[in-house]
$ cat query-v4.csv   # CSV, N, CA and C atoms
chain,number,residue,atom,x,y,z
K,1,GLN,N,4.9,38.0,14.7
K,1,GLN,CA,4.3,39.3,14.5
K,1,GLN,C,5.2,40.4,15.1
K,2,ALA,N,5.4,41.4,14.3
K,2,ALA,CA,6.3,42.5,14.7
K,2,ALA,C,5.6,43.4,15.8
K,3,GLN,N,6.3,43.6,16.9
K,3,GLN,CA,5.7,44.4,17.9
K,3,GLN,C,6.8,45.3,18.6
K,4,LEU,N,6.3,46.5,19.0
K,4,LEU,CA,7.2,47.4,19.7
K,4,LEU,C,6.5,47.7,21.0
K,5,ALA,N,7.2,47.9,22.1
K,5,ALA,CA,6.6,48.2,23.4
K,5,ALA,C,7.5,49.2,24.1
K,6,GLU,N,6.9,50.4,24.4
K,6,GLU,CA,7.6,51.5,25.1
K,6,GLU,C,7.5,51.3,26.6
K,7,SER,N,8.5,51.8,27.3
K,7,SER,CA,8.4,51.8,28.8
K,7,SER,C,9.3,52.9,29.3
K,8,GLY,N,9.1,53.3,30.6
K,8,GLY,CA,10.0,54.3,31.2
K,8,GLY,C,9.3,55.6,31.3
K,9,GLY,N,8.1,55.8,30.8
K,9,GLY,CA,7.5,57.1,31.0
K,9,GLY,C,7.0,57.3,32.4
K,10,GLY,N,6.4,58.5,32.7
K,10,GLY,CA,5.9,58.7,34.0
K,10,GLY,C,5.9,60.2,34.3
K,11,PRO,N,5.7,60.6,35.5
K,11,PRO,CA,5.7,62.0,35.9
K,11,PRO,C,7.2,62.4,36.1
K,12,ALA,N,7.4,63.7,35.9
K,12,ALA,CA,8.8,64.3,36.1
K,12,ALA,C,8.6,65.8,36.5
K,13,GLN,N,9.6,66.3,37.1
K,13,GLN,CA,9.6,67.7,37.3
K,13,GLN,C,10.5,68.4,36.3
K,14,GLY,N,10.3,69.7,36.0
K,14,GLY,CA,11.1,70.4,35.1
K,14,GLY,C,12.6,70.3,35.5
K,15,GLY,N,13.4,70.0,34.5
K,15,GLY,CA,14.8,69.8,34.8
K,15,GLY,C,15.3,68.4,35.1
K,16,ASP,N,14.3,67.5,35.3
K,16,ASP,CA,14.6,66.1,35.6
K,16,ASP,C,15.1,65.4,34.3
K,17,SER,N,15.5,64.2,34.5
K,17,SER,CA,15.9,63.3,33.4
K,17,SER,C,15.0,62.0,33.5
K,18,LEU,N,14.7,61.5,32.3
K,18,LEU,CA,14.0,60.2,32.2
K,18,LEU,C,14.7,59.4,31.0
K,19,ARG,N,14.6,58.1,31.1
K,19,ARG,CA,15.0,57.3,30.0
K,19,ARG,C,13.9,56.4,29.5
K,20,LEU,N,13.5,56.6,28.3
K,20,LEU,CA,12.5,55.7,27.7
K,20,LEU,C,13.2,54.5,27.0
K,21,SER,N,12.5,53.4,27.0
K,21,SER,CA,13.0,52.2,26.3
K,21,SER,C,11.9,51.7,25.4
K,22,CYS,N,12.4,51.1,24.3
K,22,CYS,CA,11.5,50.5,23.3
K,22,CYS,C,12.0,49.1,23.0
K,23,GLY,N,11.2,48.1,23.4
K,23,GLY,CA,11.6,46.7,23.1
K,23,GLY,C,10.9,46.2,21.9
K,24,ALA,N,11.7,45.5,21.1
K,24,ALA,CA,11.2,45.0,19.8
K,24,ALA,C,11.1,43.5,19.8
K,25,SER,N,10.0,43.0,19.3
K,25,SER,CA,9.9,41.5,19.2
K,25,SER,C,9.3,41.2,17.8
K,26,GLY,N,9.6,40.0,17.3
K,26,GLY,CA,9.1,39.6,16.0
K,26,GLY,C,9.9,40.2,14.8
K,27,ILE,N,10.9,40.9,15.1
K,27,ILE,CA,11.8,41.5,14.0
K,27,ILE,C,13.2,41.3,14.4
K,28,THR,N,14.1,41.4,13.4
K,28,THR,CA,15.5,41.4,13.6
K,28,THR,C,15.9,42.9,13.5
K,29,MET,N,16.1,43.5,14.7
K,29,MET,CA,16.2,44.9,14.8
K,29,MET,C,17.3,45.5,14.0
K,30,MET,N,18.4,44.8,13.8
K,30,MET,CA,19.5,45.3,13.1
K,30,MET,C,19.2,45.7,11.6
K,31,PHE,N,18.0,45.3,11.1
K,31,PHE,CA,17.6,45.6,9.7
K,31,PHE,C,16.6,46.8,9.7
K,32,TYR,N,16.4,47.4,10.8
K,32,TYR,CA,15.3,48.4,10.9
K,32,TYR,C,15.9,49.8,11.3
K,33,MET,N,15.5,50.8,10.6
K,33,MET,CA,15.7,52.2,11.2
K,33,MET,C,14.6,52.4,12.2
K,34,MET,N,14.9,53.2,13.2
K,34,MET,CA,13.9,53.4,14.3
K,34,MET,C,13.8,54.9,14.7
K,35,ALA,N,12.8,55.2,15.4
K,35,ALA,CA,12.6,56.6,15.7
K,35,ALA,C,11.7,56.7,16.9
K,36,TRP,N,11.7,57.9,17.5
K,36,TRP,CA,10.8,58.3,18.5
K,36,TRP,C,10.0,59.5,18.0
K,37,PHE,N,8.7,59.4,18.3
K,37,PHE,CA,7.7,60.5,18.0
K,37,PHE,C,7.0,60.8,19.3
K,38,ARG,N,6.3,61.9,19.3
K,38,ARG,CA,5.5,62.3,20.5
K,38,ARG,C,4.3,63.0,20.0
K,39,GLN,N,3.3,62.9,20.9
K,39,GLN,CA,2.0,63.6,20.6
K,39,GLN,C,1.5,64.2,21.9
K,40,ALA,N,1.4,65.5,21.9
K,40,ALA,CA,0.8,66.2,23.1
K,40,ALA,C,-0.7,66.4,22.9
K,41,PRO,N,-1.4,66.6,23.9
K,41,PRO,CA,-2.9,66.8,23.8
K,41,PRO,C,-3.2,67.9,22.9
K,42,GLY,N,-4.1,67.7,21.9
K,42,GLY,CA,-4.5,68.7,21.0
K,42,GLY,C,-3.5,69.0,19.9
K,43,ARG,N,-2.4,68.3,19.8
K,43,ARG,CA,-1.4,68.5,18.8
K,43,ARG,C,-1.2,67.3,17.9
K,44,GLU,N,-0.6,67.5,16.8
K,44,GLU,CA,-0.3,66.4,15.9
K,44,GLU,C,0.9,65.7,16.4
K,45,ARG,N,1.0,64.4,16.0
K,45,ARG,CA,2.2,63.7,16.3
K,45,ARG,C,3.5,64.3,15.7
K,46,GLU,N,4.5,64.5,16.4
K,46,GLU,CA,5.7,65.1,15.9
K,46,GLU,C,7.0,64.3,16.1
K,47,PHE,N,7.9,64.5,15.2
K,47,PHE,CA,9.2,63.8,15.2
K,47,PHE,C,10.0,64.2,16.4
K,48,VAL,N,10.7,63.3,17.0
K,48,VAL,CA,11.6,63.6,18.1
K,48,VAL,C,13.1,63.2,17.7
K,49,ALA,N,13.3,62.0,17.3
K,49,ALA,CA,14.6,61.5,16.9
K,49,ALA,C,14.5,60.2,16.1
K,50,SER,N,15.5,60.1,15.3
K,50,SER,CA,15.6,58.9,14.5
K,50,SER,C,17.1,58.3,14.5
K,51,ILE,N,17.2,57.0,14.4
K,51,ILE,CA,18.5,56.3,14.4
K,51,ILE,C,18.6,55.3,13.4
K,52,SER,N,19.7,55.2,12.7
K,52,SER,CA,19.9,54.2,11.6
K,52,SER,C,20.1,52.8,12.2
K,53,ARG,N,20.1,51.9,11.3
K,53,ARG,CA,20.2,50.5,11.7
K,53,ARG,C,21.4,50.2,12.6
K,54,SER,N,22.5,50.7,12.3
K,54,SER,CA,23.7,50.5,13.1
K,54,SER,C,23.8,51.4,14.3
K,55,GLY,N,23.1,52.5,14.3
K,55,GLY,CA,23.2,53.5,15.3
K,55,GLY,C,24.2,54.6,15.0
K,56,GLU,N,24.8,54.5,13.9
K,56,GLU,CA,25.9,55.5,13.6
K,56,GLU,C,25.3,56.8,13.1
K,57,ALA,N,24.1,56.8,12.6
K,57,ALA,CA,23.5,58.0,12.1
K,57,ALA,C,22.3,58.3,13.0
K,58,THR,N,22.2,59.6,13.4
K,58,THR,CA,21.0,60.0,14.2
K,58,THR,C,20.6,61.4,13.7
K,59,LEU,N,19.3,61.7,14.0
K,59,LEU,CA,18.7,62.9,13.6
K,59,LEU,C,17.8,63.3,14.8
K,60,TYR,N,17.8,64.6,15.1
K,60,TYR,CA,16.9,65.1,16.2
K,60,TYR,C,16.1,66.3,15.7
K,61,SER,N,15.0,66.5,16.3
K,61,SER,CA,14.2,67.7,16.1
K,61,SER,C,14.9,68.9,16.8
K,62,GLY,N,14.7,70.1,16.4
K,62,GLY,CA,15.3,71.2,17.0
K,62,GLY,C,14.9,71.4,18.4
K,63,ASP,N,13.7,71.0,18.8
K,63,ASP,CA,13.2,71.1,20.2
K,63,ASP,C,14.0,70.3,21.2
K,64,VAL,N,14.5,69.2,20.8
K,64,VAL,CA,15.2,68.3,21.7
K,64,VAL,C,16.7,68.1,21.5
K,65,LYS,N,17.2,68.6,20.4
K,65,LYS,CA,18.6,68.5,20.1
K,65,LYS,C,19.4,69.1,21.3
K,66,GLY,N,20.4,68.3,21.8
K,66,GLY,CA,21.2,68.8,22.9
K,66,GLY,C,20.7,68.4,24.2
K,67,ARG,N,19.4,68.0,24.3
K,67,ARG,CA,18.8,67.5,25.6
K,67,ARG,C,18.5,66.0,25.5
K,68,PHE,N,18.1,65.5,24.4
K,68,PHE,CA,17.7,64.1,24.3
K,68,PHE,C,18.8,63.4,23.5
K,69,THR,N,19.0,62.1,23.8
K,69,THR,CA,19.9,61.2,23.0
K,69,THR,C,19.2,59.9,22.7
K,70,ILE,N,19.2,59.6,21.4
K,70,ILE,CA,18.7,58.3,21.0
K,70,ILE,C,19.8,57.3,20.8
K,71,SER,N,19.5,56.1,21.2
K,71,SER,CA,20.5,55.0,21.1
K,71,SER,C,19.8,53.7,20.9
K,72,ARG,N,20.6,52.7,20.6
K,72,ARG,CA,20.0,51.3,20.4
K,72,ARG,C,21.0,50.3,20.7
K,73,ASN,N,20.5,49.1,21.1
K,73,ASN,CA,21.2,47.9,21.3
K,73,ASN,C,20.6,46.8,20.5
K,74,ASN,N,21.1,46.5,19.3
K,74,ASN,CA,20.4,45.5,18.5
K,74,ASN,C,20.5,44.1,19.1
K,75,GLY,N,21.5,43.9,19.8
K,75,GLY,CA,21.7,42.5,20.4
K,75,GLY,C,20.6,42.2,21.4
K,76,GLU,N,20.1,43.3,22.1
K,76,GLU,CA,19.1,43.1,23.1
K,76,GLU,C,17.7,43.6,22.6
K,77,SER,N,17.7,44.0,21.3
K,77,SER,CA,16.4,44.4,20.7
K,77,SER,C,15.8,45.6,21.4
K,78,GLN,N,16.6,46.5,21.8
K,78,GLN,CA,16.2,47.7,22.5
K,78,GLN,C,16.6,49.0,21.9
K,79,MET,N,15.7,50.0,22.0
K,79,MET,CA,16.1,51.3,21.6
K,79,MET,C,15.8,52.2,22.8
K,80,TYR,N,16.5,53.3,22.9
K,80,TYR,CA,16.4,54.2,24.1
K,80,TYR,C,16.3,55.6,23.7
K,81,LEU,N,15.7,56.4,24.6
K,81,LEU,CA,15.6,57.8,24.5
K,81,LEU,C,16.0,58.4,25.8
K,82,GLN,N,17.2,58.9,26.0
K,82,GLN,CA,17.6,59.5,27.2
K,82,GLN,C,17.2,61.0,27.1
K,83,MET,N,16.4,61.4,28.1
K,83,MET,CA,15.9,62.8,28.1
K,83,MET,C,16.5,63.5,29.3
K,84,HIS,N,17.1,64.7,29.0
K,84,HIS,CA,17.6,65.5,30.1
K,84,HIS,C,16.9,66.9,30.0
K,85,SER,N,17.1,67.6,31.1
K,85,SER,CA,16.5,69.0,31.2
K,85,SER,C,15.1,69.1,30.7
K,86,LEU,N,14.3,68.2,31.2
K,86,LEU,CA,12.9,68.1,30.7
K,86,LEU,C,12.1,69.4,31.0
K,87,LYS,N,11.2,69.7,30.1
K,87,LYS,CA,10.4,70.9,30.2
K,87,LYS,C,9.0,70.5,30.2
K,88,PRO,N,8.1,71.4,30.7
K,88,PRO,CA,6.6,71.1,30.6
K,88,PRO,C,6.2,70.8,29.1
K,89,ASP,N,6.8,71.5,28.2
K,89,ASP,CA,6.5,71.3,26.8
K,89,ASP,C,6.9,69.9,26.2
K,90,ASP,N,7.6,69.2,27.0
K,90,ASP,CA,8.0,67.8,26.6
K,90,ASP,C,6.8,66.8,27.0
K,91,THR,N,5.8,67.3,27.7
K,91,THR,CA,4.7,66.5,28.1
K,91,THR,C,4.0,65.9,26.8
K,92,ALA,N,3.9,64.6,26.7
K,92,ALA,CA,3.3,64.0,25.5
K,92,ALA,C,3.3,62.5,25.7
K,93,VAL,N,2.6,61.8,24.9
K,93,VAL,CA,2.7,60.4,24.7
K,93,VAL,C,3.9,60.2,23.7
K,94,TYR,N,4.8,59.4,24.1
K,94,TYR,CA,6.0,59.1,23.3
K,94,TYR,C,5.8,57.7,22.7
K,95,TYR,N,6.0,57.7,21.4
K,95,TYR,CA,5.9,56.4,20.6
K,95,TYR,C,7.2,56.1,19.9
K,96,CYS,N,7.5,54.8,19.9
K,96,CYS,CA,8.6,54.3,19.1
K,96,CYS,C,8.1,53.7,17.8
K,97,ALA,N,8.9,53.8,16.8
K,97,ALA,CA,8.5,53.3,15.5
K,97,ALA,C,9.7,52.7,14.7
K,98,ALA,N,9.4,51.8,13.8
K,98,ALA,CA,10.4,51.1,13.1
K,98,ALA,C,10.0,50.9,11.6
K,99,ARG,N,11.0,50.7,10.8
K,99,ARG,CA,10.8,50.4,9.4
K,99,ARG,C,12.0,49.6,8.9
K,100,GLY,N,11.8,48.5,8.2
K,100,GLY,CA,12.9,47.8,7.6
K,100,GLY,C,13.4,48.5,6.4
K,101,VAL,N,14.8,48.7,6.4
K,101,VAL,CA,15.4,49.4,5.3
K,101,VAL,C,16.7,48.6,4.8
K,102,ASP,N,17.0,48.9,3.5
K,102,ASP,CA,18.1,48.2,3.0
K,102,ASP,C,19.5,48.9,3.3
K,103,LEU,N,19.4,50.2,3.3
K,103,LEU,CA,20.7,51.0,3.5
K,103,LEU,C,21.0,51.2,5.0
K,104,GLU,N,22.2,51.0,5.4
K,104,GLU,CA,22.6,51.0,6.8
K,104,GLU,C,22.4,52.3,7.4
K,105,TYR,N,22.6,53.4,6.7
K,105,TYR,CA,22.6,54.8,7.3
K,105,TYR,C,21.3,55.5,7.1
K,106,THR,N,20.2,54.9,6.6
K,106,THR,CA,18.9,55.5,6.4
K,106,THR,C,18.3,55.9,7.7
K,107,ILE,N,17.9,57.2,7.8
K,107,ILE,CA,17.1,57.7,8.9
K,107,ILE,C,16.0,58.6,8.3
K,108,ASN,N,14.9,58.8,9.0
K,108,ASN,CA,13.8,59.6,8.4
K,108,ASN,C,13.0,60.2,9.5
K,109,ARG,N,12.6,61.5,9.3
K,109,ARG,CA,11.8,62.2,10.3
K,109,ARG,C,10.3,62.2,10.0
K,110,ASP,N,9.9,61.5,8.9
K,110,ASP,CA,8.5,61.5,8.5
K,110,ASP,C,7.8,60.3,9.1
K,111,ALA,N,6.8,60.5,9.8
K,111,ALA,CA,6.0,59.4,10.5
K,111,ALA,C,5.5,58.4,9.4
K,112,ASN,N,5.2,58.9,8.2
K,112,ASN,CA,4.7,58.0,7.2
K,112,ASN,C,5.7,57.0,6.7
K,113,ALA,N,7.0,57.2,7.0
K,113,ALA,CA,8.0,56.3,6.6
K,113,ALA,C,8.1,55.1,7.5
K,114,TYR,N,7.4,55.1,8.6
K,114,TYR,CA,7.5,54.0,9.6
K,114,TYR,C,6.2,53.1,9.5
K,115,ASP,N,6.3,51.8,9.6
K,115,ASP,CA,5.1,51.0,9.5
K,115,ASP,C,4.9,50.1,10.7
K,116,ILE,N,5.8,50.2,11.7
K,116,ILE,CA,5.6,49.5,13.0
K,116,ILE,C,5.6,50.5,14.1
K,117,TRP,N,4.6,50.5,15.0
K,117,TRP,CA,4.5,51.5,16.0
K,117,TRP,C,4.2,50.8,17.3
K,118,GLY,N,4.7,51.3,18.4
K,118,GLY,CA,4.3,50.9,19.7
K,118,GLY,C,3.1,51.6,20.2
K,119,PRO,N,2.5,51.2,21.3
K,119,PRO,CA,1.2,51.8,21.8
K,119,PRO,C,1.5,53.2,22.5
K,120,GLY,N,2.7,53.5,22.9
K,120,GLY,CA,3.1,54.7,23.5
K,120,GLY,C,3.2,54.7,25.0
K,121,THR,N,4.0,55.6,25.5
K,121,THR,CA,4.1,55.8,27.0
K,121,THR,C,4.0,57.3,27.3
K,122,GLN,N,3.3,57.6,28.4
K,122,GLN,CA,3.0,58.9,28.7
K,122,GLN,C,4.2,59.5,29.5
K,123,VAL,N,4.6,60.7,29.2
K,123,VAL,CA,5.6,61.5,29.9
K,123,VAL,C,4.9,62.8,30.3
K,124,THR,N,4.9,63.1,31.6
K,124,THR,CA,4.2,64.3,32.1
K,124,THR,C,5.2,65.1,32.9
K,125,VAL,N,5.5,66.3,32.4
K,125,VAL,CA,6.5,67.1,33.1
K,125,VAL,C,5.8,68.3,33.7
K,126,SER,N,6.0,68.5,35.0
K,126,SER,CA,5.4,69.7,35.7
K,126,SER,C,6.5,70.7,36.0
K,127,SER,N,6.1,71.9,36.1
K,127,SER,CA,7.0,73.0,36.3
K,127,SER,C,7.3,73.2,37.8
$ encode --input "query-v4.csv" --output "structure tokens"
Amino acid sequence: QAQLAESGGGPAQGGDSLRLSCGASGITMMFYMMAWFRQAPGREREFVASISRSGEATLYSGDVKGRFTISRNNGESQMYLQMHSLKPDDTAVYYCAARGVDLEYTINRDANAYDIWGPGTQVTVSS
């Protein structure tokens, strides 16, 4: 059974850095595009970053571009989100997502494009 599990969330101060991890099981990760989404209280789930199967193609939301970096290690079945210069507006539950794709460079910012989701990890940034 395909499963994703996020870790690395927690409290942070404005300006701090955190690294989120997403572990995959039950899938061969090299065949999956992957992404991070987040959902703040009272808001819809929003796209954060996406990465292609090989990691060579990435896409970021405007809110995090230049501050966050998405990466992956297919051999270890792990995906990461390195977050720098955290702001209170980054407070949210962060979810990792995956979808098997045929094309190596496919990435997507639409949550409906992903069919495997983790349970999420809370990130809380105080000013």
$ residues_around --input "query-v4.csv" --residues "Ala111 (chain K)" --least-positions-apart "3" --cutoff "12 Å" --atoms "only C-alpha atoms" --output "list in words"
Met34, Ala35, Trp36, Phe37, Arg38, Gln39, Glu44, Arg45, Glu46, Phe47, Val48, Ala49, Ser50, Tyr95, Cys96, Ala97, Ala98, Arg99, Ile107, Asn108, Tyr114, Asp115, Ile116 and Trp117 of chain K
$ atom_distance --input "query-v4.csv" --atom1 "atom N of Glu104 (chain K)" --atom2 "CA of Met79 (chain K)"
17.3 Å
$ closest_residue --input "query-v4.csv" --among "K:Arg53, K:Leu18, K:Tyr32, K:Ala5" --to "Val101 (chain K)" --atoms "all atoms listed in the file"
K:Tyr32
$ atom_distance --input "query-v4.csv" --atom1 "atom N of Gln1 (chain K)" --atom2 "CA of Tyr105 (chain K)"
25.5 Å
$ atom_distance --input "query-v4.csv" --atom1 "CA of Thr91 (chain K)" --atom2 "atom N of Ser126 (chain K)"
7.3 Å
$ residues_around --input "query-v4.csv" --residues "Ser21 (chain K)" --least-positions-apart "5" --cutoff "12 Å" --atoms "only C-alpha atoms" --output "list in words"
Leu4, Ala5, Glu6, Ser7, Gly8, Gly9, Ala35, Trp36, Thr69, Ile70, Ser71, Arg72, Asn73, Glu76, Ser77, Gln78, Met79, Tyr80, Leu81, Gln82, Met83, Tyr94, Tyr95, Cys96, Ala97, Gly118, Gly120 and Thr121 of chain K
